[in-house]
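Trainee: Sharing a structure, written as structure tokens. Questions coming.
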Amino acid sequence: MTDSGTGLSPQIRILPGGDQRLLAEIGVVDPNSLDSYRKAGGYAGLRRAVEKLGPEGTIDEIAAAGLRGRGGGGYPTADKWREARSASGDSKVVVANLIGADPTALGDRALAEGNPHLLLEGLLVAAFATGASDAIIAVRRDWTVAIERLRAAIIEAEAAHLAGYLVLGTDFSCVVRVWEGAVALVAGEETALLAALAGDRGMPVIRPPYPTERGLGGAPTTVQNGETLAHAAWIASHGAKKFRAIGSKEAPGTKLVTVYGRVAEPGLLEIALGTPLADIVKLAGGGTGTTKAVFVGGPGGGALGADQLDTHYDFDALHAAGAGIGLGQFLVADTDTCMVDSARFFLDYSAREACGKAVPCRIGTKRLVETLDRILAASPRPNDLLLLRELSRKMSDTALCHLEARAPGPMLTTLDRFPDEYRAHAERGECLAGACSGTAVAPLLTPLAGL
């Protein structure tokens with residue numbers, strides 16, 4: 001079932017305002033029609049890359065645009081593509097990662113459902129630039145509308161010689177397929193996703209070598225999330241200068257942000273990087289109460305207090321504040337929200353989603369949740385507040401992947417910024433927000449999540 005106006009699943013609501021580029025054509029372009037996409041200028045970027053720029057020129061254009069990966073890390077996209085192109089190998093692969101998503105992040109899903117040809121075009125531009133002849137779109141299997149439309153888009157593109165063999169009548173060929181995977185947060189780590197694509201259990205591996213050197217089947221492999229590829233298609237079509245027209249100097253362009261929690265109009269926004277956090281709250285209709293904090297970046301992000309809402313929404317500013325962009329998750333909390341209980345919510349999710357490979361993650365996240373349970377039940381051990389910090393530090397120092405390293409983030413930032421709430425729970429069994437019942441928290445269940 002989809003919304004008849006936008007063609008999106010009902011749970012995806014695109015909010016007006018912001019700086020729309022990728023979202024501008026959703027609801028305008030028919031997601032089931034190649035002709036509709038081409039009438040709106042679609043595949044002009046692929047044609048420009050293949051017929052004018054060439055592989056190196058395409059990478060140079062992405063570099064000039066300053067595009068950074070929108071999957072959370074913010075790694076320069078052109079650097080990744082250049083590494084893959086220069087790697088030795090008879091065959092190369094590109095992968096669109098639409099599976100490693102926190103369920104609250106709606107950006108990639110909206111693109112896949114609302115404008116699948118845009119994602120496909122970006123994937124083909126990346127394949128051309130890196131020298132890949134195989135491309136995979138890895139999608140969560142519960143995104144049934146997205147899967148159907150992506151597969152239909154591939155068939156249409158192949159029939160029009162925009163994908164498959166001899167693209168646009170040149171010697172560039174790239175076979176594209178859709179791969180359905182189980183829902184798993186760990187798939188956000190590229191080596192875990194590649195392990196799943198190879199038929200193994202989805203768990204991260206030690207790097208280096210990085211996938212761009214040796215990835216799927218030993219071939220150099222470029223993994224990008226869907227939004228990054230959509231931006232690449234936009235840059236190939238409109239040029240680096242127009243891309244840099246909005247955003248910050250170190251982080252040009254826009255970002256898809258899913259705003260939820262205590263706001264009047266939760267939904268999906270597209271905003272210029274560098275936008276103050278307070279403006280994002282306003283674009284979502286403002287807080288429904290007095291905003292106390294915003295959790296930015298999902299389970300691997302962090303909390304910023306109301307006095308930090310002038311912080312700019314970009315990679316470096318958020319990292320300096322102890323948070324991160326993640327996949328664009330933006331949870332607004334008001335004065336009726338308990339920061340300790342919120343931290344437990346994020347940590348519990350990370351613990352449940354742990355793949356089980358690394359002991360510090362598999363056991364450490366459980367111990368952190370158990371410690372928070374004791375604090376919330378007003379029965380802490382004498383050193384529990386210290387234990388939260390020490391165990392988090394050891395997890396980060398020994399982490400096998402960035403998901404493990406960042407898992408304590410929401411807890412540590414709330415502990416730093418709202419210490420009175422932790423002490424009140426631990427010492428008096430009092431919730432300063434008046435949100436907790438005081439009853440015992442349900443015990444942690446730890447089924448191992450895999451792909």
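Labels used: A, B, ... for chains in the order of the structure tokens, numbers from 1 for residues in each chain, and numbers from 1 for ligands as shown.
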Taking 4 positions as the minimum chain separation for residues in the same chain, which residues sit within 10 Å of Asp314 (chain A) when counting only C-alpha atoms? Answer as a list in words.
Mentor: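 Non-adjacent residues within range: Gly74, Gly247, Ser248, Glu250, Ala251, Pro252, Thr254, Lys255, Ala272, Leu273, Gly274, Thr275, Pro276, Leu277, Leu318, His319, Gly324 and Ile325 of chain A.
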Trainee: Contacts of Asp384 (chain A) at 10 Å or less, counting only C-alpha atoms, minus same-chain residues fewer than 5 places along, as JSON, numbers by chain?
Mentor: {"A": [368, 371, 372, 374, 375, 379, 389, 390, 426]}
Trainee: Using only C-alpha atoms, which of A:Val340, A:Ala233, A:Leu403, A:Leu327 sits nearest Pro360 (chain A)?
Mentor: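 Using only C-alpha atoms, Pro360 (chain A) sits closest to A:Leu403.
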Trainee: Let me make sure I understand: among A:Glu180, A:Glu158, A:Asp90, A:Asp102, which one has the smallest atom-to-atom distance to Gly131 (chain A) if we use only C-alpha atoms?
Mentor: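 Among the listed residues, the smallest separation from Gly131 (chain A) belongs to A:Asp90.
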Trainee: Can you tell me, as a PDB file with N, CA and C atoms, in the first residue's frame, what residues are no more than 8 Å from Ala127 (chain A) when counting only C-alpha atoms, ignoring any on the same chain fewer than 5 positions away?
Mentor:
```pdb
ATOM      1  N   VAL A  93      33.315  -4.150  -8.322  1.00  0.00           N
ATOM      2  CA  VAL A  93      31.908  -4.175  -7.928  1.00  0.00           C
ATOM      3  C   VAL A  93      31.554  -2.871  -7.221  1.00  0.00           C
ATOM      4  N   VAL A  94      30.323  -2.419  -7.429  1.00  0.00           N
ATOM      5  CA  VAL A  94      29.784  -1.338  -6.601  1.00  0.00           C
ATOM      6  C   VAL A  94      28.520  -1.860  -5.918  1.00  0.00           C
ATOM      7  N   ALA A 132      33.715  -0.578 -12.487  1.00  0.00           N
ATOM      8  CA  ALA A 132      32.985  -1.776 -12.069  1.00  0.00           C
ATOM      9  C   ALA A 132      32.061  -2.266 -13.182  1.00  0.00           C
ATOM     10  N   SER A 133      31.997  -3.562 -13.329  1.00  0.00           N
ATOM     11  CA  SER A 133      31.096  -4.168 -14.307  1.00  0.00           C
ATOM     12  C   SER A 133      29.919  -4.864 -13.636  1.00  0.00           C
ATOM     13  N   ASP A 134      29.930  -4.925 -12.314  1.00  0.00           N
ATOM     14  CA  ASP A 134      28.840  -5.534 -11.555  1.00  0.00           C
ATOM     15  C   ASP A 134      28.379  -4.557 -10.487  1.00  0.00           C
ATOM     16  N   ALA A 135      27.068  -4.471 -10.329  1.00  0.00           N
ATOM     17  CA  ALA A 135      26.495  -3.576  -9.327  1.00  0.00           C
ATOM     18  C   ALA A 135      25.375  -4.300  -8.597  1.00  0.00           C
ATOM     19  N   CYS A 174      27.576  -2.702 -17.344  1.00  0.00           N
ATOM     20  CA  CYS A 174      27.406  -2.926 -15.903  1.00  0.00           C
ATOM     21  C   CYS A 174      26.086  -3.640 -15.658  1.00  0.00           C
TER      22      CYS A 174
END
```
Trainee: Could you write out, as a PyMOL selection string, all the residues of region 240-353 of chain A that DSSP marks as alpha helix (DSSP H)?
Mentor: chain A and resi 240-243+277-283+315-320+339-353
Trainee: Mind dumping the selected residues with N, CA and C atoms as a tab-separated table (two decimals), in the first residue's frame?
Mentor:
```
chain	number	residue	atom	x	y	z
A	240	ALA	N	29.55	20.42	-10.16
A	240	ALA	CA	30.06	20.62	-8.81
A	240	ALA	C	29.74	22.00	-8.27
A	241	LYS	N	29.78	23.01	-9.13
A	241	LYS	CA	29.56	24.38	-8.67
A	241	LYS	C	28.16	24.55	-8.10
A	242	LYS	N	27.16	24.02	-8.79
A	242	LYS	CA	25.78	24.12	-8.30
A	242	LYS	C	25.60	23.32	-7.02
A	243	PHE	N	26.30	22.19	-6.91
A	243	PHE	CA	26.18	21.38	-5.69
A	243	PHE	C	26.69	22.17	-4.50
A	277	LEU	N	20.75	23.32	14.48
A	277	LEU	CA	19.82	22.30	14.95
A	277	LEU	C	18.46	22.90	15.30
A	278	ALA	N	18.45	24.11	15.83
A	278	ALA	CA	17.19	24.76	16.19
A	278	ALA	C	16.31	24.95	14.97
A	279	ASP	N	16.91	25.24	13.82
A	279	ASP	CA	16.12	25.44	12.60
A	279	ASP	C	15.48	24.13	12.13
A	280	ILE	N	16.15	23.01	12.38
A	280	ILE	CA	15.57	21.72	12.00
A	280	ILE	C	14.32	21.45	12.83
A	281	VAL	N	14.39	21.77	14.12
A	281	VAL	CA	13.21	21.61	14.97
A	281	VAL	C	12.07	22.48	14.47
A	282	LYS	N	12.38	23.71	14.07
A	282	LYS	CA	11.34	24.62	13.57
A	282	LYS	C	10.73	24.10	12.27
A	283	LEU	N	11.55	23.54	11.38
A	283	LEU	CA	11.03	23.02	10.12
A	283	LEU	C	10.07	21.86	10.33
A	315	PHE	N	29.08	17.24	9.58
A	315	PHE	CA	29.89	16.13	10.11
A	315	PHE	C	30.82	16.58	11.24
A	316	ASP	N	31.58	17.64	11.00
A	316	ASP	CA	32.63	18.02	11.93
A	316	ASP	C	32.07	18.66	13.20
A	317	ALA	N	31.06	19.52	13.06
A	317	ALA	CA	30.49	20.17	14.24
A	317	ALA	C	29.82	19.17	15.16
A	318	LEU	N	29.10	18.22	14.59
A	318	LEU	CA	28.43	17.22	15.42
A	318	LEU	C	29.43	16.27	16.06
A	319	HIS	N	30.47	15.90	15.31
A	319	HIS	CA	31.51	15.04	15.89
A	319	HIS	C	32.17	15.74	17.08
A	320	ALA	N	32.45	17.03	16.94
A	320	ALA	CA	33.08	17.78	18.03
A	320	ALA	C	32.17	17.85	19.25
A	339	MET	N	16.24	11.26	30.40
A	339	MET	CA	17.47	11.05	29.66
A	339	MET	C	18.09	9.69	29.96
A	340	VAL	N	17.93	9.21	31.17
A	340	VAL	CA	18.49	7.91	31.53
A	340	VAL	C	17.74	6.80	30.78
A	341	ASP	N	16.43	6.88	30.80
A	341	ASP	CA	15.62	5.89	30.11
A	341	ASP	C	15.86	5.95	28.59
A	342	SER	N	16.05	7.14	28.06
A	342	SER	CA	16.33	7.29	26.63
A	342	SER	C	17.67	6.65	26.28
A	343	ALA	N	18.67	6.87	27.13
A	343	ALA	CA	19.98	6.25	26.89
A	343	ALA	C	19.87	4.74	26.91
A	344	ARG	N	19.06	4.21	27.84
A	344	ARG	CA	18.86	2.77	27.89
A	344	ARG	C	18.21	2.24	26.61
A	345	PHE	N	17.25	3.01	26.10
A	345	PHE	CA	16.56	2.61	24.87
A	345	PHE	C	17.56	2.41	23.73
A	346	PHE	N	18.47	3.38	23.54
A	346	PHE	CA	19.45	3.27	22.46
A	346	PHE	C	20.43	2.14	22.70
A	347	LEU	N	20.90	2.01	23.93
A	347	LEU	CA	21.86	0.95	24.24
A	347	LEU	C	21.24	-0.44	24.10
A	348	ASP	N	20.00	-0.55	24.53
A	348	ASP	CA	19.30	-1.83	24.40
A	348	ASP	C	19.17	-2.22	22.93
A	349	TYR	N	18.90	-1.25	22.08
A	349	TYR	CA	18.81	-1.53	20.64
A	349	TYR	C	20.15	-2.00	20.10
A	350	SER	N	21.23	-1.33	20.49
A	350	SER	CA	22.57	-1.74	20.04
A	350	SER	C	22.90	-3.14	20.54
A	351	ALA	N	22.53	-3.45	21.78
A	351	ALA	CA	22.81	-4.77	22.33
A	351	ALA	C	22.04	-5.86	21.59
A	352	ARG	N	20.79	-5.59	21.27
A	352	ARG	CA	19.98	-6.57	20.55
A	352	ARG	C	20.49	-6.78	19.12
A	353	GLU	N	21.06	-5.74	18.54
A	353	GLU	CA	21.52	-5.82	17.16
A	353	GLU	C	22.98	-6.26	17.03
```
Trainee: Quick one: residues within 7 Å of Ala198 (chain A), only C-alpha atoms, excluding same-chain residues fewer than 3 positions away - as a list in words?
Mentor: Leu194, Ala195 and Leu216 of chain A
Trainee: Generate the output file for the selected residues, C-alpha atoms, as a PDB file, in the first residue's frame.
Mentor:
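For reference, out_17.pdb as written:
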```pdb
ATOM      1  CA  LEU A 194      29.819  -7.833   1.993  1.00  0.00           C
ATOM      2  CA  ALA A 195      30.080 -10.985   4.119  1.00  0.00           C
ATOM      3  CA  LEU A 216      33.272  -9.051  -2.524  1.00  0.00           C
TER       4      LEU A 216
END
```
Trainee: So which bits of region 290-428 of chain A end up strand (DSSP E) when you DSSP the backbone, as a ChimeraX atom specification?
Mentor: /A:291-296,302-305,312-313,329-334
Trainee: Might you pull out every residue within 10 Å of Arg367 (chain A), with only C-alpha atoms counted and same-chain residues fewer than 5 positions away left off, and present them as a PyMOL selection string?
Mentor: chain A and resi 351+360-362+372-373+387-388+391+444
Trainee: How would the residues just chosen look if you wrote them out with C-alpha atoms as a PDB file, in the first residue's frame?
Mentor:
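Below is the file that was written, again.pdb:
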```
ATOM      1  CA  ALA A 351      22.806  -4.772  22.329  1.00  0.00           C
ATOM      2  CA  PRO A 360      33.516  -6.224  24.007  1.00  0.00           C
ATOM      3  CA  CYS A 361      30.421  -5.461  21.944  1.00  0.00           C
ATOM      4  CA  ARG A 362      28.521  -8.691  22.578  1.00  0.00           C
ATOM      5  CA  LEU A 372      21.446   1.337  33.571  1.00  0.00           C
ATOM      6  CA  ASP A 373      18.719  -1.035  34.773  1.00  0.00           C
ATOM      7  CA  LEU A 387      31.571   1.694  35.396  1.00  0.00           C
ATOM      8  CA  LEU A 388      29.480   3.271  32.623  1.00  0.00           C
ATOM      9  CA  LEU A 391      33.383   0.072  30.166  1.00  0.00           C
ATOM     10  CA  LEU A 444      17.385  -7.573  28.508  1.00  0.00           C
TER      11      LEU A 444
END
```
Trainee: Closest to Ala399 (chain A) among A:Gly302, A:Gly122, A:Pro204, A:Pro76, using only C-alpha atoms?
Mentor: A:Pro204
Trainee: Provide the CA of Ala96 (chain A) to CA of Thr228 (chain A) distance in Å, to one decimal place.
Mentor: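 So the answer is 9.1 Å.
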Trainee: Go through A:Ser9, A:Asn225, A:Asn32, A:Thr58 and flag the residue nearest Tyr75 (chain A), using only C-alpha atoms for the distances.
Mentor: A:Asn225
Trainee: Could you name the residues that touch Val167 (chain A) at 10 Å or less, counting only C-alpha atoms, but leaving out those on the same chain fewer than 4 positions away, as a CSV table (one decimal) with C-alpha atoms, in the first residue's frame?
Mentor:
```
chain,number,residue,atom,x,y,z
A,46,LEU,CA,25.1,9.3,-16.6
A,47,ARG,CA,25.3,10.5,-20.2
A,50,VAL,CA,30.1,8.5,-20.0
A,124,LEU,CA,25.8,3.5,-12.7
A,128,PHE,CA,31.5,3.9,-14.6
A,157,ALA,CA,17.1,1.0,-18.0
A,158,GLU,CA,18.5,-2.2,-19.6
A,160,ALA,CA,16.9,1.6,-23.0
A,161,HIS,CA,20.6,0.7,-23.0
A,162,LEU,CA,21.2,2.8,-19.9
A,163,ALA,CA,22.3,-0.3,-17.9
A,171,ASP,CA,32.1,-0.1,-24.3
A,172,PHE,CA,31.0,0.4,-20.7
A,173,SER,CA,28.8,-2.4,-19.4
A,174,CYS,CA,27.4,-2.9,-15.9
```
Trainee: CA of Ser33 (chain A) to CA of Arg21 (chain A): how many Å, to one decimal?
Mentor: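 Interatomic distance, CA of Ser33 (chain A) to CA of Arg21 (chain A): 19.5 Å.
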Trainee: Which residues, written as a PyMOL selection string, have at least one atom at most 7 Å from Asn97 (chain A), with only C-alpha atoms counted and residues fewer than 4 positions away on the same chain left out?
Mentor: chain A and resi 137-139+223-226
Trainee: List every residue of region 175-217 of chain A that has an atom at most 12 Å from any atom of region 144-149 of chain A, giving for each one its closest atom pair and the distance in Å to one decimal, counting only C-alpha atoms, sorted by chain and then by ascending residue number, as CSV.
Mentor:
```
residue,atom,partner,partner_atom,distance
A:Arg177,CA,A:Ile147,CA,10.5
A:Val178,CA,A:Ile147,CA,7.3
A:Trp179,CA,A:Ile147,CA,8.8
A:Glu180,CA,A:Ile147,CA,8.0
A:Gly181,CA,A:Ile147,CA,11.0
```
Trainee: Tell me, in Å to one decimal, how far CA of Val296 (chain A) is from CA of Gly326 (chain A).
Mentor: 7.6 Å
Trainee: Using only C-alpha atoms, which residue out of A:Ser237, A:Ser88, A:Gln20, A:Ser36 lies closest to Thr221 (chain A)?
Mentor: A:Ser88
